[in-house]
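> Mind having a look at this structure? Questions to follow.
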Amino acid sequence: MTQGCGPVKGANGGGCGVGLTPEQRRILLEHGTEYPGSSPLNDEKRAGIYACAGCGRDLFSSTTKYESGSGWPSFFQPLEGAVETTQDGSHGMVRTEVHCANCQGHLGHVFPDGPPPTGLRYCMNGLALDFRPAAGEKA
Ligand SMILES: [Zn+2]
């Protein structure tokens, strides 16, 4: 995994964007959203770490993942310092957008209707995440 390689760049610009699919780039670079229920990570139950698909930085632990029923992989807490948020006023409502603190790639949104202890729901695009099973889990 490459760490700290700076902002995500496009297909031909080198840097962290290399190796991403067009759909991943649409989400990470253009703030897109995947179709709900489309990510295999919705059903991912193994222990492990969810890293940024753009730069490989660790973002979420499987211990904070829960079944929100939203159709997107959901977490109640990111790893410390892993993500940053901005207010997003598009689509006629104010939402809090979540992006990778390392490469600024767009990940999803956070909503105040999650479970304890945080009460937050980090609603992530599975395509923006790269799951790495913990040692001892089936690959
Ligand atoms: Zn990143």
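Labels used: A, B, ... for chains in the order of the structure tokens, numbers from 1 for residues in each chain, and numbers from 1 for ligands as shown.
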Counting only C-alpha atoms and all ligand atoms, which protein, DNA or RNA residues come within 7 Å of ligand 1, given as number ranges by chain?
A: 52-57, 100-105
> Where in chain A does DSSP assign alpha helix (DSSP H), given as a list in words?
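Matching residues for alpha helix (DSSP H) in chain A are Pro22, Glu23, Gln24, Arg25, Arg26, Ile27, Leu28, Leu29 and Glu30 of chain A.
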> Could you write out the selected residues, including C-alpha atoms, as a JSON list (two decimals), in the first residue's frame?

```json
[["chain", "number", "residue", "atom", "x", "y", "z"],
["A", 22, "PRO", "CA", -13.93, 4.81, -14.12],
["A", 23, "GLU", "CA", -16.73, 4.29, -11.58],
["A", 24, "GLN", "CA", -14.31, 4.61, -8.66],
["A", 25, "ARG", "CA", -12.93, 7.81, -10.14],
["A", 26, "ARG", "CA", -16.46, 9.15, -10.60],
["A", 27, "ILE", "CA", -17.06, 8.73, -6.86],
["A", 28, "LEU", "CA", -13.67, 9.69, -5.45],
["A", 29, "LEU", "CA", -12.92, 12.58, -7.78],
["A", 30, "GLU", "CA", -16.34, 13.80, -8.89]]
```
> List every residue of stretch 9-69 of chain A that has an atom at most 10 Å from any atom of stretch 108-115 of chain A, and for each one report the closest atom pair and its distance in Å to one decimal, counting only C-alpha atoms, with rows sorted by chain and then by increasing residue number, as a tab-separated table.

```
residue	atom	partner	partner_atom	distance
A:Ile27	CA	A:Gly108	CA	8.4
A:Leu28	CA	A:Gly108	CA	9.0
A:His31	CA	A:Gly108	CA	7.9
A:Gly32	CA	A:Gly108	CA	8.5
A:Thr33	CA	A:Gly108	CA	7.3
A:Glu34	CA	A:Gly108	CA	9.5
A:Tyr66	CA	A:Pro115	CA	8.7
A:Ser68	CA	A:Gly114	CA	8.0
```
> I need the residues from that last selection saved to file as a PDB file, in the first residue's frame (with N, CA and C atoms), if you can.

```pdb
ATOM      1  N   ILE A  27     -16.708   8.506  -8.261  1.00  0.00           N
ATOM      2  CA  ILE A  27     -17.057   8.726  -6.860  1.00  0.00           C
ATOM      3  C   ILE A  27     -15.979   9.539  -6.150  1.00  0.00           C
ATOM      4  N   LEU A  28     -14.755   9.070  -6.214  1.00  0.00           N
ATOM      5  CA  LEU A  28     -13.666   9.690  -5.450  1.00  0.00           C
ATOM      6  C   LEU A  28     -13.342  11.099  -5.934  1.00  0.00           C
ATOM      7  N   HIS A  31     -17.307  13.217  -6.743  1.00  0.00           N
ATOM      8  CA  HIS A  31     -18.339  13.199  -5.708  1.00  0.00           C
ATOM      9  C   HIS A  31     -19.569  12.409  -6.129  1.00  0.00           C
ATOM     10  N   GLY A  32     -19.359  11.358  -6.867  1.00  0.00           N
ATOM     11  CA  GLY A  32     -20.477  10.520  -7.295  1.00  0.00           C
ATOM     12  C   GLY A  32     -20.963   9.619  -6.178  1.00  0.00           C
ATOM     13  N   THR A  33     -22.067   8.935  -6.458  1.00  0.00           N
ATOM     14  CA  THR A  33     -22.638   7.982  -5.507  1.00  0.00           C
ATOM     15  C   THR A  33     -22.984   6.702  -6.256  1.00  0.00           C
ATOM     16  N   GLU A  34     -22.597   5.574  -5.684  1.00  0.00           N
ATOM     17  CA  GLU A  34     -22.907   4.311  -6.334  1.00  0.00           C
ATOM     18  C   GLU A  34     -24.369   3.935  -6.103  1.00  0.00           C
ATOM     19  N   TYR A  66     -21.780  -1.537  10.722  1.00  0.00           N
ATOM     20  CA  TYR A  66     -23.055  -2.096  11.163  1.00  0.00           C
ATOM     21  C   TYR A  66     -24.037  -2.112   9.995  1.00  0.00           C
ATOM     22  N   SER A  68     -27.014  -0.882   8.362  1.00  0.00           N
ATOM     23  CA  SER A  68     -27.917   0.266   8.443  1.00  0.00           C
ATOM     24  C   SER A  68     -29.171   0.064   7.617  1.00  0.00           C
TER      25      SER A  68
END
```
> Among stretch 57-139 of chain A, which residues carry a DSSP assignment of strand (DSSP E or B), reported as a PyMOL selection string?
chain A and resi 58-61+65-66+74-75+83-88+95-100+106-111+121-124+129-133
> Near stretch 58-63 of chain A, counting only C-alpha atoms, which residues have an atom at most 12 Å away, once you skip same-chain residues fewer than 5 positions from it, shown as a PyMOL selection string?
chain A and resi 1-4+41-53+73-84+98-103+105+107+122-124+126+128-134
> Just how far from atom CA of A:Thr96 is atom CA of A:Glu67, in Å to one decimal?
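Going from atom CA of A:Glu67 over to atom CA of A:Thr96, I get 20.2 Å.
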> Do you have the atom CA of A:Gly69-atom CA of A:Gly37 distance handy?
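Value for the atom CA of A:Gly69-atom CA of A:Gly37 distance: 9.1 Å.
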> So how many Å separate atom CA of A:Ala139 and atom CA of A:Pro40, to one decimal?
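Computing the Euclidean distance for atom CA of A:Ala139 and atom CA of A:Pro40 yields 14.1 Å.
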